[in-house]
$ cat model_23.cif   # mmCIF, C-alpha atoms
data_structure
loop_
_atom_site.label_atom_id
_atom_site.label_comp_id
_atom_site.auth_asym_id
_atom_site.auth_seq_id
_atom_site.Cartn_x
_atom_site.Cartn_y
_atom_site.Cartn_z
CA MET S 21 0.00 0.00 0.00
CA ARG S 22 0.94 3.64 -0.43
CA ILE S 23 0.34 5.58 2.78
CA ALA S 24 0.60 9.34 3.30
CA VAL S 25 1.12 10.32 6.95
CA PHE S 26 0.39 13.86 8.16
CA THR S 27 1.55 15.17 11.53
CA ASP S 28 2.08 18.56 13.17
CA PHE S 29 4.87 17.03 15.29
CA HIS S 30 8.08 16.19 13.47
CA PRO S 31 8.83 12.48 14.06
CA ASP S 32 12.32 13.35 15.36
CA SER S 33 11.00 15.67 18.08
CA LEU S 34 10.29 14.48 21.62
CA GLY S 35 6.91 13.02 22.56
CA GLY S 36 4.71 9.96 22.66
CA ILE S 37 2.84 10.84 19.45
CA GLN S 38 6.11 11.12 17.57
CA THR S 39 7.34 7.82 19.01
CA SER S 40 4.11 6.13 17.98
CA ILE S 41 4.25 7.49 14.43
CA THR S 42 7.86 6.41 13.99
CA ALA S 43 7.08 2.88 15.21
CA GLN S 44 4.12 2.62 12.82
CA VAL S 45 6.05 3.96 9.84
CA ASN S 46 8.96 1.58 10.47
CA ALA S 47 6.59 -1.38 10.77
CA PHE S 48 4.79 -0.51 7.54
CA ARG S 49 8.05 -0.18 5.65
CA ARG S 50 9.36 -3.50 6.97
CA LEU S 51 6.23 -5.10 5.49
CA GLY S 52 6.94 -3.54 2.11
CA HIS S 53 4.45 -0.67 2.21
CA ARG S 54 5.49 2.76 0.97
CA VAL S 55 5.08 5.61 3.46
CA CYS S 56 5.56 9.32 2.85
CA VAL S 57 5.47 11.65 5.87
CA PHE S 58 4.23 15.26 5.61
CA THR S 59 5.22 17.18 8.71
CA ALA S 60 6.11 20.46 10.39
CA PRO S 61 9.75 21.51 10.69
CA LEU S 62 11.93 20.24 13.50
CA GLY S 63 13.25 23.67 14.41
CA ARG S 64 16.71 23.18 12.96
CA ARG S 65 17.91 22.47 9.46
CA ASP S 66 16.16 19.25 8.51
CA GLU S 67 18.15 16.50 6.86
CA PRO S 68 16.92 15.81 3.32
CA ASP S 69 14.76 12.71 3.15
CA SER S 70 13.08 11.54 -0.02
CA ASP S 71 10.14 10.14 1.98
CA THR S 72 9.60 13.20 4.20
CA VAL S 73 8.00 16.47 3.12
CA VAL S 74 8.58 19.37 5.54
CA LEU S 75 5.92 22.05 5.28
CA PRO S 76 6.81 25.73 5.91
CA GLU S 77 6.52 27.10 9.43
CA LEU S 78 4.67 30.29 10.37
CA ARG S 79 7.34 31.47 12.80
CA ALA S 80 5.37 34.22 14.52
CA ALA S 81 2.61 31.76 15.43
CA SER S 82 5.21 29.23 16.64
CA ARG S 83 6.70 31.83 18.99
CA VAL S 84 3.28 32.71 20.35
CA ALA S 85 2.52 29.01 20.91
CA HIS S 86 5.78 28.56 22.81
CA ILE S 87 5.16 31.60 25.01
CA ALA S 88 1.60 30.47 25.74
CA SER S 89 2.26 26.79 26.39
CA LYS S 90 6.03 26.41 27.02
CA VAL S 91 6.14 23.55 24.47
CA ASP S 92 9.25 24.66 22.64
CA GLN S 93 9.44 21.94 19.98
CA TYR S 94 6.09 22.75 18.39
CA ARG S 95 6.24 24.49 15.01
CA PHE S 96 3.02 25.97 13.62
CA VAL S 97 2.14 25.36 9.97
CA ALA S 98 -0.72 27.48 8.72
CA PRO S 99 -3.59 25.65 6.95
CA SER S 100 -3.53 28.30 4.24
CA ASN S 101 -4.90 27.88 0.72
CA ARG S 102 -1.35 28.13 -0.58
CA ASN S 103 -0.10 25.31 1.67
CA ILE S 104 -3.11 23.17 0.79
CA GLU S 105 -2.58 23.68 -2.95
CA THR S 106 1.17 23.02 -2.70
CA THR S 107 0.60 19.84 -0.67
CA THR S 108 -2.10 18.65 -3.07
CA ARG S 109 0.34 18.97 -5.96
CA GLU S 110 3.02 17.11 -3.99
CA LEU S 111 0.56 14.38 -3.04
CA THR S 112 -0.40 13.99 -6.69
CA ARG S 113 3.22 13.97 -7.84
CA ARG S 114 4.26 11.31 -5.32
CA GLY S 115 1.09 9.26 -5.63
CA PRO S 116 -1.22 7.67 -6.18
CA PHE S 117 -1.81 6.99 -2.48
CA ASP S 118 -4.24 4.48 -1.01
CA ILE S 119 -4.66 6.13 2.41
CA ALA S 120 -3.98 9.43 4.14
CA HIS S 121 -3.44 8.91 7.86
CA ILE S 122 -3.72 12.07 9.99
CA HIS S 123 -2.01 12.04 13.40
CA SER S 124 -2.70 15.49 14.82
CA SER S 125 -5.35 18.20 14.92
CA PHE S 126 -3.68 21.45 13.90
CA GLY S 127 -2.41 23.00 10.68
CA VAL S 128 -0.70 20.03 9.01
CA ALA S 129 -3.69 17.86 9.86
CA VAL S 130 -6.11 20.21 8.09
CA ILE S 131 -3.76 20.48 5.12
CA GLY S 132 -3.64 16.68 4.91
CA ILE S 133 -7.42 16.33 5.02
CA ARG S 134 -8.00 18.93 2.31
CA ALA S 135 -5.21 17.62 0.07
CA ALA S 136 -6.39 14.02 0.45
CA ARG S 137 -9.96 15.01 -0.41
CA ALA S 138 -8.77 16.87 -3.50
CA CYS S 139 -6.92 13.72 -4.62
CA GLY S 140 -9.76 11.32 -3.77
CA VAL S 141 -7.73 9.54 -1.06
CA PRO S 142 -9.60 8.03 1.96
CA VAL S 143 -8.73 9.64 5.30
CA VAL S 144 -8.00 7.93 8.63
CA GLN S 145 -7.68 10.18 11.69
CA THR S 146 -5.96 8.98 14.84
CA MET S 147 -7.08 11.09 17.79
CA HIS S 148 -3.95 10.92 19.92
CA SER S 149 -4.31 13.76 22.36
CA ARG S 150 -6.72 15.62 24.56
CA ASP S 151 -6.49 19.19 23.31
CA ASP S 152 -8.88 20.25 26.09
CA ALA S 153 -6.44 19.10 28.78
CA PHE S 154 -3.46 20.47 26.86
CA PHE S 155 -4.76 24.04 26.78
CA GLU S 156 -6.04 23.94 30.35
CA GLN S 157 -2.82 22.53 31.80
CA THR S 158 -0.23 24.43 29.75
CA SER S 159 -1.67 27.90 29.15
CA PRO S 160 -2.34 30.75 31.61
CA PHE S 161 -5.24 31.75 29.33
CA PRO S 162 -6.79 28.38 28.45
CA LEU S 163 -9.73 29.77 26.48
CA VAL S 164 -7.62 31.78 24.03
CA GLY S 165 -5.94 28.85 22.29
CA PRO S 166 -9.10 26.81 21.63
CA VAL S 167 -10.97 29.89 20.34
CA LEU S 168 -8.17 30.89 17.96
CA LEU S 169 -7.77 27.31 16.77
CA GLY S 170 -11.51 27.02 16.22
CA LEU S 171 -11.57 30.21 14.16
CA ALA S 172 -8.75 28.85 11.98
CA LEU S 173 -10.27 25.40 11.53
CA ARG S 174 -13.78 26.61 10.72
CA ARG S 175 -12.53 27.94 7.41
CA TYR S 176 -11.60 24.43 6.31
CA LEU S 177 -13.65 21.91 8.36
CA GLU S 178 -17.37 21.39 8.72
CA TYR S 179 -18.27 21.57 12.39
CA PRO S 180 -20.93 19.14 13.67
CA PRO S 181 -23.48 20.24 16.30
CA ARG S 182 -21.78 20.86 19.64
CA VAL S 183 -22.29 18.23 22.34
CA THR S 184 -21.56 19.54 25.82
CA VAL S 185 -20.68 17.07 28.58
CA ALA S 186 -21.34 17.86 32.21
CA GLY S 187 -18.21 19.09 33.94
CA ASP S 188 -16.56 20.58 30.84
CA SER S 189 -15.18 24.07 31.32
CA ARG S 190 -15.72 26.70 28.63
CA SER S 191 -12.28 26.11 27.14
CA ALA S 192 -12.76 22.33 27.26
CA ALA S 193 -16.12 22.59 25.47
CA VAL S 194 -14.55 24.65 22.68
CA SER S 195 -11.64 22.20 22.37
CA TRP S 196 -13.92 19.16 22.23
CA HIS S 197 -16.00 20.81 19.50
CA SER S 198 -12.85 21.26 17.38
CA MET S 199 -11.75 17.67 18.08
CA ALA S 200 -15.19 16.43 17.01
CA ALA S 201 -14.90 18.47 13.79
CA GLN S 202 -11.49 16.93 13.14
CA ALA S 203 -12.91 13.44 13.62
CA HIS S 204 -15.93 14.12 11.41
CA ALA S 205 -13.65 15.19 8.56
CA ALA S 206 -12.26 11.63 8.36
CA ASP S 207 -13.69 8.45 6.90
CA HIS S 208 -12.56 6.42 9.91
CA VAL S 209 -11.36 7.42 13.37
CA VAL S 210 -8.76 5.55 15.44
CA ALA S 211 -8.36 6.02 19.21
CA PRO S 212 -5.52 4.44 21.20
CA THR S 213 -7.67 3.47 24.20
CA GLU S 214 -11.24 2.56 25.08
CA HIS S 215 -11.56 5.29 27.70
CA PHE S 216 -10.63 7.97 25.15
CA ALA S 217 -12.99 6.44 22.57
CA ARG S 218 -15.80 6.77 25.11
CA ARG S 219 -14.96 10.43 25.62
CA LEU S 220 -14.98 11.05 21.86
CA ARG S 221 -18.38 9.40 21.44
CA ALA S 222 -19.75 11.31 24.44
CA HIS S 223 -18.73 14.55 22.72
CA GLY S 224 -20.62 13.75 19.54
CA VAL S 225 -18.18 11.78 17.38
CA THR S 226 -20.30 9.46 15.23
CA ARG S 227 -17.80 8.39 12.57
CA PRO S 228 -16.74 4.73 12.45
CA LEU S 229 -14.26 4.39 15.30
CA THR S 230 -11.78 1.62 16.04
CA VAL S 231 -9.57 1.33 19.11
CA VAL S 232 -6.01 0.45 18.10
CA SER S 233 -3.30 0.76 20.73
CA ASN S 234 -0.01 2.44 19.99
CA GLY S 235 2.97 0.12 19.88
CA VAL S 236 6.70 -0.08 20.54
CA ASP S 237 9.13 -0.68 17.69
CA ASP S 238 10.05 -4.38 17.63
CA ALA S 239 13.70 -3.78 16.82
CA LEU S 240 14.08 -1.36 19.74
CA VAL S 241 12.38 -3.81 22.10
CA ASP S 242 14.73 -6.61 21.13
CA ALA S 243 17.80 -4.39 21.39
CA ALA S 244 16.79 -2.97 24.79
CA ARG S 245 16.10 -6.41 26.24
CA ALA S 246 19.45 -7.71 24.98
CA ALA S 247 21.46 -4.74 26.21
CA SER S 248 19.84 -3.97 29.54
CA GLU S 249 21.49 -4.96 32.77
CA SER S 250 20.26 -4.09 36.24
CA PRO S 251 23.33 -2.79 38.07
CA PRO S 252 23.64 -3.81 41.70
CA GLY S 253 22.60 -1.07 44.05
CA ILE S 254 20.82 -0.16 47.23
CA GLY S 255 17.45 1.48 47.22
CA LEU S 256 14.60 1.83 44.79
CA ARG S 257 15.66 3.07 41.34
CA ALA S 258 12.95 5.06 39.58
CA VAL S 259 13.07 6.41 36.04
CA TYR S 260 11.08 9.06 34.17
CA LEU S 261 10.95 9.30 30.35
CA GLY S 262 9.38 12.26 28.57
CA ARG S 263 9.09 16.03 28.41
CA LEU S 264 10.17 17.95 31.48
CA SER S 265 7.09 20.15 31.44
CA ALA S 266 4.26 21.12 33.75
CA GLU S 267 1.46 19.08 32.16
CA LYS S 268 3.43 15.89 32.83
CA ARG S 269 3.59 16.83 36.53
CA VAL S 270 7.27 15.97 36.63
CA ARG S 271 7.96 18.53 39.37
CA GLU S 272 5.51 16.65 41.60
CA ALA S 273 7.40 13.43 40.83
CA VAL S 274 10.72 14.97 41.88
CA ASP S 275 9.05 16.42 44.98
CA ALA S 276 7.77 12.97 45.97
CA VAL S 277 11.12 11.23 45.39
CA THR S 278 13.00 13.75 47.49
CA ARG S 279 10.63 13.05 50.38
CA VAL S 280 11.54 9.35 50.51
CA PRO S 281 15.02 8.24 51.60
CA GLY S 282 16.51 5.43 49.56
CA VAL S 283 14.75 6.30 46.29
CA THR S 284 16.67 7.65 43.30
CA LEU S 285 15.26 9.15 40.10
CA ASP S 286 16.80 9.37 36.64
CA LEU S 287 15.03 11.69 34.21
CA TYR S 288 15.43 11.29 30.45
CA GLY S 289 14.07 14.09 28.29
CA ASP S 290 14.29 17.84 28.00
CA GLY S 291 12.02 20.77 28.69
CA ASP S 292 11.73 24.14 30.34
CA LEU S 293 11.45 22.69 33.87
CA GLN S 294 14.91 21.09 34.00
CA PRO S 295 16.66 23.94 35.90
CA ALA S 296 13.80 24.11 38.43
CA LEU S 297 13.93 20.34 38.98
CA GLU S 298 17.67 20.42 39.61
CA ARG S 299 17.25 23.32 42.05
CA LEU S 300 14.50 21.48 43.94
CA ALA S 301 16.65 18.37 44.32
CA ALA S 302 19.61 20.47 45.51
CA GLU S 303 17.47 22.38 48.03
CA ARG S 304 16.31 19.06 49.48
CA GLY S 305 19.88 17.79 49.69
CA ARG S 306 19.17 15.10 47.07
CA ALA S 307 21.13 16.40 44.07
CA ASP S 308 23.02 13.10 43.81
CA ASP S 309 19.78 11.10 43.84
CA VAL S 310 17.87 13.05 41.16
CA ARG S 311 19.74 13.10 37.86
CA CYS S 312 18.65 14.90 34.68
CA HIS S 313 20.25 13.21 31.68
CA GLY S 314 18.63 15.34 28.99
CA ARG S 315 17.41 13.88 25.76
CA VAL S 316 19.20 10.67 24.75
CA PRO S 317 18.76 8.26 21.82
CA HIS S 318 15.55 6.25 22.11
CA LEU S 319 17.38 2.95 22.61
CA ASP S 320 19.44 4.41 25.46
CA ALA S 321 16.24 5.58 27.15
CA LEU S 322 14.65 2.14 26.79
CA CYS S 323 17.76 0.48 28.22
CA ALA S 324 17.58 2.82 31.22
CA LEU S 325 13.91 1.96 31.60
CA ALA S 326 14.69 -1.75 31.49
CA ALA S 327 17.40 -1.38 34.15
CA ALA S 328 15.20 0.57 36.58
CA ASP S 329 13.11 -0.90 39.37
CA ILE S 330 10.07 1.22 38.53
CA ALA S 331 8.90 3.83 36.02
CA LEU S 332 7.03 6.95 37.14
CA VAL S 333 4.09 8.24 35.08
CA ASN S 334 2.79 11.19 37.02
CA SER S 335 0.39 12.89 34.57
CA PHE S 336 -3.25 13.13 35.58
CA ASP S 337 -6.33 13.63 33.39
CA PHE S 338 -4.04 14.50 30.47
CA ASP S 339 -2.70 11.52 28.52
CA THR S 340 -4.92 9.33 26.37
CA GLN S 341 -2.49 6.42 26.62
CA CYS S 342 1.11 7.42 27.38
CA VAL S 343 3.56 5.42 25.28
CA VAL S 344 5.94 5.06 28.25
CA LEU S 345 3.45 2.62 29.76
CA LEU S 346 3.76 0.41 26.69
CA GLU S 347 7.54 0.73 26.69
CA ALA S 348 7.69 -0.23 30.36
CA THR S 349 5.63 -3.36 29.71
CA ALA S 350 7.80 -4.23 26.69
CA VAL S 351 10.95 -4.27 28.85
CA GLY S 352 9.32 -5.70 31.99
CA THR S 353 9.51 -2.67 34.29
CA PRO S 354 6.69 -1.98 36.79
CA VAL S 355 4.93 1.41 36.73
CA VAL S 356 3.72 3.73 39.45
CA TYR S 357 1.07 6.04 37.98
CA CYS S 358 -1.54 8.53 39.16
CA ASP S 359 -4.34 8.43 36.57
CA PRO S 360 -6.63 5.38 36.88
CA ASP S 361 -7.61 5.70 33.19
CA LEU S 362 -4.07 4.65 32.26
CA ALA S 363 -4.48 1.18 33.79
CA GLU S 364 -6.00 0.05 30.48
CA SER S 365 -2.57 0.21 28.83
CA LEU S 366 -0.73 -1.82 31.48
CA ALA S 367 -0.46 -5.54 31.98
CA PRO S 368 -2.75 -6.71 34.83
CA GLY S 369 -0.72 -6.46 38.01
CA GLY S 370 2.09 -4.65 36.22
CA GLY S 371 1.81 -1.43 38.16
CA VAL S 372 0.17 0.43 41.00
CA CYS S 373 -2.06 3.48 40.87
CA THR S 374 -1.69 6.03 43.65
CA ALA S 375 -4.69 6.71 45.88
CA ASP S 376 -5.03 10.16 44.36
CA SER S 377 -2.98 12.61 42.30
CA SER S 378 -1.25 14.29 45.25
CA THR S 379 2.47 14.31 45.86
CA GLY S 380 1.83 12.71 49.23
CA ALA S 381 0.06 9.75 47.64
CA LEU S 382 2.96 9.20 45.24
CA ALA S 383 5.49 9.45 48.07
CA HIS S 384 3.45 6.90 50.04
CA GLU S 385 3.66 4.33 47.24
CA LEU S 386 7.38 4.94 46.76
CA ARG S 387 7.96 4.45 50.47
CA ARG S 388 5.90 1.25 50.45
CA LEU S 389 7.73 -0.23 47.46
CA ALA S 390 11.15 0.74 48.79
CA ALA S 391 10.33 -1.33 51.89
CA ASP S 392 8.71 -4.24 50.00
CA ARG S 393 10.90 -5.37 47.13
CA ARG S 394 8.83 -8.53 46.73
CA ALA S 395 5.95 -6.34 45.53
CA VAL S 396 8.26 -4.81 42.92
CA THR S 397 9.36 -8.26 41.76
CA ALA S 398 5.75 -9.44 41.49
CA MET S 399 4.83 -6.45 39.31
CA SER S 400 7.88 -7.02 37.14
CA ASP S 401 6.87 -10.66 36.65
CA ALA S 402 3.39 -9.52 35.60
CA GLN S 403 4.91 -7.11 33.08
CA ARG S 404 7.16 -9.79 31.62
CA ALA S 405 4.23 -12.19 31.26
CA ALA S 406 2.65 -9.72 28.84
CA TRP S 407 5.70 -7.95 27.48
CA ASP S 408 5.20 -8.95 23.84
CA ALA S 409 1.70 -7.43 23.68
CA PRO S 410 2.91 -3.83 23.00
CA ARG S 411 5.11 -4.83 20.04
CA GLN S 412 4.24 -2.71 17.03
CA SER S 413 4.01 -5.83 14.87
CA ARG S 414 1.09 -6.96 17.04
CA VAL S 415 -0.96 -3.83 16.32
CA THR S 416 0.09 -2.96 12.77
CA GLU S 417 -2.20 -5.55 11.23
CA ARG S 418 -5.20 -3.95 12.94
CA LEU S 419 -4.35 -0.63 11.32
CA LEU S 420 -3.98 -2.30 7.95
CA ASP S 421 -7.45 -3.82 8.42
CA VAL S 422 -8.82 -0.30 8.88
CA TYR S 423 -7.02 0.83 5.73
CA ARG S 424 -8.32 -2.12 3.71
CA SER S 425 -11.89 -1.40 4.84
CA LEU S 426 -11.63 1.95 3.07
#

$ encode --input "model_23.cif" --output "structure tokens"
Amino acid sequence: MRIAVFTDFHPDSLGGIQTSITAQVNAFRRLGHRVCVFTAPLGRRDEPDSDTVVLPELRAASRVAHIASKVDQYRFVAPSNRNIETTTRELTRRGPFDIAHIHSSFGVAVIGIRAARACGVPVVQTMHSRDDAFFEQTSPFPLVGPVLLGLALRRYLEYPPRVTVAGDSRSAAVSWHSMAAQAHAADHVVAPTEHFARRLRAHGVTRPLTVVSNGVDDALVDAARAASESPPGIGLRAVYLGRLSAEKRVREAVDAVTRVPGVTLDLYGDGDLQPALERLAAERGRADDVRCHGRVPHLDALCALAAADIALVNSFDFDTQCVVLLEATAVGTPVVYCDPDLAESLAPGGGVCTADSSTGALAHELRRLAADRRAVTAMSDAQRAAWDAPRQSRVTERLLDVYRSL
């Protein structure tokens, strides 16, 4: 098959969506399918790639987005008529394509939908993220972003009737309306989890919808398992993988670790909070126990995850799945997490959910596990019993079934 992938997040930038896209693309190519990726810039000079089309950035909008949300790797591509026409020509030149798969909900996504429609290519939309939670947890003015995004999207998407769910704030209601419009522009919708699929349906999404989990690249899984060694040590070794940003509640994770003697934390990833995290650890006298390694190659991060005693996933009411959960299962590492919705993506018995989202509740679980290593071993055994389930090869065929249905 010939597959055109559209994403507002460059596959080489940091994040679970990007990791998921890369794993899918690699799996498709190993099976002999042709994949062309249309994406936003990375923020530096992009290496030429015959199978990647980088769309032009609207720099002023990117700067505003960074100031508003502190997500510095996001690059805004305007869904302008010019970009749509240019992409349509490129899609025609490189085609014909069998499927256009959209993986985001901003400018590149709209460009992909319009270009695919112009070329008569069926559209699959994976709803990866909760834009409502993103704006509310990253912006000091959470209503501004959804309103501006809605004004931009209304020029190019047909909005269905708004469905308001009890408990939604004003900004959340606006965000969900835009997400529903994005879903209704596709022929088929994919959600990574059942709990997110239920939210989409509750907010008025009526398109055919299939739940297909994200996956972890098979080659990386095999390499991480072969290379990982658990070094001898005293204490409970925790690891965090991902952006060092407020919506991931990584500061709360560092706060909890520094409250519990005998627990160490290694953080892999970058973000605007890194200096504050290092200061907090130093103020608590735990600078040697909380180590920020920055962004490292994906395999190195997976090896560190495999060598740890536990992984920390501290986000709450934000992630739809969290790829780190799948990666932890794939290398047999237990998870301590705060959001009960995330249990769906873990092996039964492979982790523990805190009593609530507070720092105190997380510190309580860390203290309990540091004193009861048998509980850690039992969770690790449960992860290993199911550790082949997250392999990308296990889920790729389900995506291909969706493609074939169209």

$ resolve_selection --input "model_23.cif" --expression "the PyMOL selection byres ((chain S and resi 204-216) around 8)" --output "ChimeraX atom specification"
/S:133,142-148,177-180,200-203,217-220,225-234,340-341,361,364-365,422,426

$ closest_residue --input "model_23.cif" --among "S:Cys342, S:Ala321, S:Ala120, S:Val55" --to "S:Ala363" --atoms "only C-alpha atoms"
S:Cys342

$ resolve_selection --input "model_23.cif" --expression "the PyMOL selection byres ((chain S and resi 275-286) around 7)" --output "list in words"
Gly255, Leu256, Arg257, Ala258, Val259, Tyr260, Arg271, Glu272, Ala273, Val274, Leu287, Tyr288, Ala301, Arg304, Arg306, Asp309, Val310, Arg311, Cys312, Thr379, Gly380, Leu382, Ala383 and Arg387 of chain S

$ resolve_selection --input "model_23.cif" --expression "the PyMOL selection byres ((chain S and resi 389-405) around 7)" --output "list of chain:residue names"
S:Gly255, S:Leu256, S:Thr349, S:Gly352, S:Thr353, S:Pro354, S:Ala367, S:Pro368, S:Gly369, S:Gly370, S:Gly371, S:Glu385, S:Leu386, S:Arg387, S:Arg388, S:Ala406, S:Trp407

$ residues_around --input "model_23.cif" --residues "S:Ala243" --least-positions-apart "4" --cutoff "8 Å" --atoms "all atoms listed in the file" --output "PDB file with C-alpha atoms, keeping the file's coordinate frame"
ATOM      1  CA  ALA S 239      13.700  -3.780  16.820  1.00  0.00           C
ATOM      2  CA  ALA S 247      21.460  -4.740  26.210  1.00  0.00           C
ATOM      3  CA  LEU S 319      17.380   2.950  22.610  1.00  0.00           C
TER       4      LEU S 319
END

$ atom_distance --input "model_23.cif" --atom1 "atom CA of S:Arg411" --atom2 "atom CA of S:Ala129"
26.4 Å
